[in-house]
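The data block below is my_file_13.cif; it holds mmCIF, C-alpha atoms.
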data_work
#
loop_
_atom_site.label_atom_id
_atom_site.label_comp_id
_atom_site.auth_asym_id
_atom_site.auth_seq_id
_atom_site.Cartn_x
_atom_site.Cartn_y
_atom_site.Cartn_z
CA MET V 179 149.28 226.74 135.10
CA TYR V 180 148.17 227.29 131.49
CA PRO V 181 148.11 230.57 129.57
CA SER V 182 144.39 230.29 128.84
CA GLU V 183 141.67 227.70 128.77
CA GLU V 184 141.07 228.26 125.04
CA SER V 185 144.68 227.61 124.10
CA LEU V 186 144.75 224.31 125.96
CA GLY V 187 144.72 221.49 123.37
CA ASP V 188 143.11 218.10 123.74
CA GLU V 189 146.40 216.27 124.27
CA GLU V 190 147.56 218.73 126.94
CA LEU V 191 144.17 218.51 128.60
CA ALA V 192 144.23 214.71 128.53
CA ARG V 193 147.76 214.62 129.95
CA GLY V 194 146.66 216.98 132.71
CA VAL V 195 143.62 214.84 133.58
CA ALA V 196 145.76 211.67 133.56
CA ALA V 197 148.24 213.42 135.88
CA GLY V 198 145.46 214.27 138.34
CA ASP V 199 145.18 217.97 137.51
CA GLU V 200 141.75 219.03 138.76
CA GLU V 201 141.81 222.22 136.69
CA CYS V 202 142.19 220.17 133.52
CA LEU V 203 139.17 218.11 134.53
CA ALA V 204 137.24 221.32 135.19
CA VAL V 205 138.21 222.64 131.75
CA ALA V 206 137.14 219.36 130.13
CA TYR V 207 133.83 219.53 131.98
CA ARG V 208 133.19 223.13 130.92
CA ARG V 209 134.16 222.34 127.36
CA TRP V 210 132.20 219.10 126.81
CA SER V 211 129.59 218.55 129.54
CA THR V 212 126.84 220.06 127.36
CA LEU V 213 127.69 217.64 124.54
CA VAL V 214 127.75 214.67 126.92
CA HIS V 215 124.48 215.71 128.59
CA THR V 216 122.75 216.29 125.25
CA LEU V 217 123.78 212.86 123.94
CA ALA V 218 122.65 211.19 127.15
CA ARG V 219 119.33 213.03 127.30
CA HIS V 220 118.58 212.25 123.67
CA SER V 221 119.32 208.56 124.22
CA LEU V 222 117.66 208.18 127.63
CA GLY V 223 114.79 210.64 127.34
CA ASP V 224 115.08 211.64 130.98
CA PRO V 225 116.95 214.74 132.22
CA GLN V 226 117.82 213.22 135.61
CA ASP V 227 119.21 210.07 134.01
CA ALA V 228 121.17 212.26 131.59
CA GLU V 229 122.61 214.23 134.51
CA ASP V 230 123.62 210.99 136.23
CA VAL V 231 125.30 209.73 133.04
CA THR V 232 127.12 213.06 132.62
CA GLN V 233 128.51 212.75 136.13
CA GLN V 234 129.48 209.12 135.52
CA VAL V 235 131.27 210.06 132.29
CA PHE V 236 133.40 212.72 133.94
CA LEU V 237 134.05 210.52 136.95
CA GLY V 238 135.20 207.88 134.47
CA VAL V 239 137.43 210.46 132.76
CA TRP V 240 138.93 211.40 136.12
CA ARG V 241 139.56 207.79 137.12
CA GLY V 242 140.67 206.56 133.71
CA GLY V 243 142.28 209.59 132.09
CA ALA V 244 145.37 207.53 131.33
CA GLY V 245 143.22 205.46 128.97
CA TYR V 246 142.97 208.25 126.40
CA ARG V 247 145.11 207.56 123.34
CA PRO V 248 145.47 210.58 121.02
CA GLU V 249 146.51 208.34 118.13
CA ARG V 250 143.04 206.74 118.25
CA GLY V 251 141.08 209.98 117.98
CA THR V 252 140.20 213.25 119.62
CA PHE V 253 139.53 213.74 123.30
CA ALA V 254 135.94 214.69 122.43
CA GLY V 255 135.58 211.44 120.49
CA TRP V 256 136.89 209.53 123.50
CA LEU V 257 134.29 211.28 125.67
CA VAL V 258 131.52 210.36 123.21
CA GLY V 259 132.63 206.73 123.39
CA ILE V 260 132.52 206.79 127.20
CA THR V 261 129.12 208.47 127.01
CA ARG V 262 127.76 205.75 124.74
CA ARG V 263 128.94 203.04 127.12
CA LYS V 264 127.46 204.82 130.15
CA VAL V 265 124.15 205.33 128.29
CA ALA V 266 124.12 201.62 127.42
CA ASP V 267 124.78 200.81 131.09
CA ALA V 268 121.93 203.10 132.16
CA LEU V 269 119.55 201.51 129.66
CA SER V 270 120.58 198.02 130.82
CA ALA V 271 120.10 199.03 134.45
CA ARG V 272 116.67 200.41 133.61
CA THR V 273 115.71 197.13 131.92
CA ARG V 274 117.10 195.02 134.77
CA ARG V 275 115.29 197.16 137.32
CA ARG V 276 112.00 196.70 135.48
CA GLU V 277 112.58 192.96 135.31
CA LEU V 278 113.48 192.79 139.00
CA LEU V 279 110.49 194.86 139.96
CA GLY V 280 108.28 192.64 137.85
CA ALA V 281 109.70 189.53 139.49
CA ALA V 282 109.15 190.98 142.97
CA GLY V 283 105.70 192.39 142.38
CA SER V 284 106.41 195.86 141.08
CA ALA V 285 102.74 196.69 141.06
CA LEU V 286 102.84 196.46 144.82
CA LEU V 287 105.84 198.76 145.13
CA LEU V 288 104.90 201.38 142.58
CA ALA V 289 101.17 201.30 141.99
CA ASP V 290 99.06 204.21 143.09
CA PRO V 291 96.31 202.61 145.15
CA GLY V 292 93.75 204.98 143.67
CA PRO V 293 90.20 205.25 144.91
CA GLY V 294 89.24 201.82 143.54
CA ARG V 295 92.10 199.85 145.18
CA PRO V 296 92.68 200.87 148.78
CA GLU V 297 94.00 197.34 149.48
CA ALA V 298 97.10 198.20 147.41
CA VAL V 299 98.42 200.22 150.34
CA LEU V 300 98.22 197.14 152.53
CA GLU V 301 99.89 195.06 149.81
CA ARG V 302 102.81 197.50 149.59
CA VAL V 303 103.22 197.44 153.37
CA LEU V 304 103.22 193.63 153.26
CA LEU V 305 105.84 193.64 150.49
CA ARG V 306 108.11 195.92 152.51
CA GLN V 307 107.63 193.67 155.53
CA GLU V 308 108.52 190.57 153.51
CA LEU V 309 111.58 192.31 152.07
CA ALA V 310 112.64 193.17 155.63
CA GLY V 311 112.32 189.46 156.51
CA LEU V 312 114.96 188.37 154.01
CA PRO V 313 118.52 187.60 155.14
CA ALA V 314 120.55 190.80 155.46
CA PRO V 315 122.78 190.27 152.38
CA GLN V 316 119.81 189.52 150.11
CA GLN V 317 117.89 192.44 151.54
CA ARG V 318 120.85 194.76 151.01
CA VAL V 319 121.34 193.72 147.38
CA LEU V 320 117.63 194.07 146.55
CA ARG V 321 117.34 197.44 148.29
CA LEU V 322 120.39 198.76 146.40
CA ALA V 323 118.92 197.49 143.13
CA PHE V 324 115.33 198.67 143.74
CA TYR V 325 115.73 201.89 145.65
CA GLU V 326 119.14 203.15 144.52
CA ASP V 327 118.94 201.84 140.93
CA LEU V 328 122.39 200.26 141.08
CA THR V 329 123.54 197.58 138.69
CA GLN V 330 124.90 194.35 140.10
CA THR V 331 128.40 195.52 139.18
CA GLN V 332 127.85 198.78 141.07
CA ILE V 333 126.46 196.86 144.05
CA ALA V 334 129.59 194.68 144.05
CA GLU V 335 131.78 197.80 144.02
CA ARG V 336 129.80 199.44 146.83
CA THR V 337 129.65 196.35 149.06
CA GLY V 338 133.09 194.98 148.24
CA TRP V 339 131.52 191.60 147.48
CA PRO V 340 132.46 189.56 144.40
CA LEU V 341 130.06 190.04 141.48
CA GLY V 342 129.04 186.37 141.61
CA THR V 343 128.07 186.76 145.27
CA VAL V 344 125.92 189.79 144.46
CA LYS V 345 124.20 187.88 141.65
CA SER V 346 123.55 184.92 143.95
CA HIS V 347 122.09 187.14 146.68
CA ALA V 348 119.86 188.89 144.13
CA ARG V 349 118.62 185.63 142.63
CA ARG V 350 118.02 183.94 146.00
CA GLY V 351 116.42 187.07 147.42
CA LEU V 352 114.02 187.40 144.50
CA HIS V 353 113.06 183.73 144.74
CA ARG V 354 112.46 183.98 148.48
CA LEU V 355 110.52 187.20 148.07
CA ARG V 356 108.37 185.65 145.35
CA ASP V 357 107.72 182.57 147.51
CA ARG V 358 106.80 184.70 150.50
CA LEU V 359 104.46 186.84 148.39
CA GLU V 360 102.87 183.75 146.84
CA SER V 361 102.09 182.49 150.34
CA HIS V 362 99.98 185.64 150.76
CA ASP V 363 98.41 185.22 147.29
CA LEU V 364 99.95 188.51 146.16
CA TYR V 365 102.07 187.18 143.33
CA THR V 366 99.80 184.77 141.54
#
Take the structure in this file and express it as structure tokens.
Amino acid sequence: MYPSEESLGDEELARGVAAGDEECLAVAYRRWSTLVHTLARHSLGDPQDAEDVTQQVFLGVWRGGAGYRPERGTFAGWLVGITRRKVADALSARTRRRELLGAAGSALLLADPGPGRPEAVLERVLLRQELAGLPAPQQRVLRLAFYEDLTQTQIAERTGWPLGTVKSHARRGLHRLRDRLESHDLYT
């Protein structure tokens, strides 16, 4: 389609991505994925999280290529802006996950029982059992948040539920889980 990858300018590339040209997306990925990954890794400190952000950035470029406005800056600058927003989302998700895990007894889910605490294995089994006893929607939201590290917005997209519904299920599920764990003296 194009004479060469090197001669393809940002505006042509952006027009191609907006038009659904997979080759243009591939060129953009080859050209800027290292930059995006480096920014994400520097900000997040974790190579796997940086890889996830890199994929999210280019997925966002593919879905929203029509949002690029050359009069506002370069295509690379647009990518950096998307990267910053995705990094911020990842950091927020990390914080929310830690808060959720804390509210639900993260020590029980994540702690290594170690030689001095064999009862921790039993506690984790009990936590899983109590999670399984929640109503299906609450259980689904909490599992997606805990085990798949999804934000509430991502859970809403995956389930097709309104964001407010997801938030309500998360809140009610955490309260019920806490109450159930308190009844076993695991969350006091």
What's around Glu183 (chain V) at 9 Å? Count all atoms listed in the file, leave out sequence neighbours fewer than 3 positions away in its own chain, and write the answer as a ChimeraX atom specification.
/V:180,186-187,202,205
Determine the nearest neighbour of Leu237 (chain V) from the options V:Ala206, V:Ala218, V:Val319, V:Ala268, counting only C-alpha atoms.
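Distance minimum relative to Leu237 (chain V) lands on V:Ala206.
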Picked residues, the PyMOL selection byres ((chain V and resi 256) around 12), as a count of residues only:
31
Which residues, written as a list in words, have at least one atom at most 9 Å from region 325-329 of chain V, with only C-alpha atoms counted and residues fewer than 2 positions away on the same chain left out?
Asp267, Ala268, Ser270, Ala271, Arg272, Arg274, Arg275, Leu320, Arg321, Leu322, Ala323, Thr331, Gln332, Ile333 and Ala334 of chain V
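On the file presented, the PyMOL selection byres ((chain V and resi 306-318) around 9) picks out V:Leu287, V:Glu301, V:Arg302, V:Val303, V:Leu304, V:Leu305, V:Val319, V:Leu320, V:Arg321, V:Leu322, V:Ala323, V:Val344, V:Ser346, V:His347, V:Ala348, V:Arg349, V:Arg350, V:Gly351, V:Leu352, V:Arg354, V:Leu355, V:Arg358, V:Leu359.
What separates CA of Arg209 (chain V) from CA of Glu184 (chain V) is a distance of 9.4 Å.
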With N, CA and C atoms as the goal, would you fill in the gaps in region 316-333 of chain V and present it as a tab-separated table (two decimals), keeping the file's coordinate frame?
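As a result, selection.tsv now contains:
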chain	number	residue	atom	x	y	z
V	316	GLN	N	120.80	189.49	151.20
V	316	GLN	CA	119.81	189.52	150.11
V	316	GLN	C	119.01	190.82	150.16
V	317	GLN	N	118.64	191.19	151.36
V	317	GLN	CA	117.89	192.44	151.54
V	317	GLN	C	118.72	193.63	151.06
V	318	ARG	N	119.99	193.64	151.39
V	318	ARG	CA	120.85	194.76	151.01
V	318	ARG	C	120.98	194.86	149.49
V	319	VAL	N	121.20	193.73	148.84
V	319	VAL	CA	121.34	193.72	147.38
V	319	VAL	C	120.04	194.20	146.72
V	320	LEU	N	118.90	193.68	147.17
V	320	LEU	CA	117.63	194.07	146.55
V	320	LEU	C	117.31	195.54	146.81
V	321	ARG	N	117.59	196.02	148.00
V	321	ARG	CA	117.34	197.44	148.29
V	321	ARG	C	118.22	198.34	147.42
V	322	LEU	N	119.50	197.97	147.25
V	322	LEU	CA	120.39	198.76	146.40
V	322	LEU	C	119.91	198.74	144.95
V	323	ALA	N	119.42	197.60	144.51
V	323	ALA	CA	118.92	197.49	143.13
V	323	ALA	C	117.61	198.25	142.96
V	324	PHE	N	116.65	198.06	143.87
V	324	PHE	CA	115.33	198.67	143.74
V	324	PHE	C	115.34	200.17	144.02
V	325	TYR	N	115.89	200.51	145.17
V	325	TYR	CA	115.73	201.89	145.65
V	325	TYR	C	116.86	202.82	145.24
V	326	GLU	N	118.03	202.29	144.93
V	326	GLU	CA	119.14	203.15	144.52
V	326	GLU	C	119.50	202.95	143.06
V	327	ASP	N	118.78	202.05	142.38
V	327	ASP	CA	118.94	201.84	140.93
V	327	ASP	C	120.38	201.48	140.55
V	328	LEU	N	121.01	200.66	141.37
V	328	LEU	CA	122.39	200.26	141.08
V	328	LEU	C	122.39	198.96	140.28
V	329	THR	N	123.34	198.83	139.40
V	329	THR	CA	123.54	197.58	138.69
V	329	THR	C	124.22	196.59	139.64
V	330	GLN	N	124.24	195.33	139.25
V	330	GLN	CA	124.90	194.35	140.10
V	330	GLN	C	126.40	194.65	140.21
V	331	THR	N	126.99	195.14	139.14
V	331	THR	CA	128.40	195.52	139.18
V	331	THR	C	128.62	196.67	140.17
V	332	GLN	N	127.74	197.66	140.13
V	332	GLN	CA	127.85	198.78	141.07
V	332	GLN	C	127.62	198.33	142.51
V	333	ILE	N	126.71	197.39	142.71
V	333	ILE	CA	126.46	196.86	144.05
V	333	ILE	C	127.72	196.14	144.55
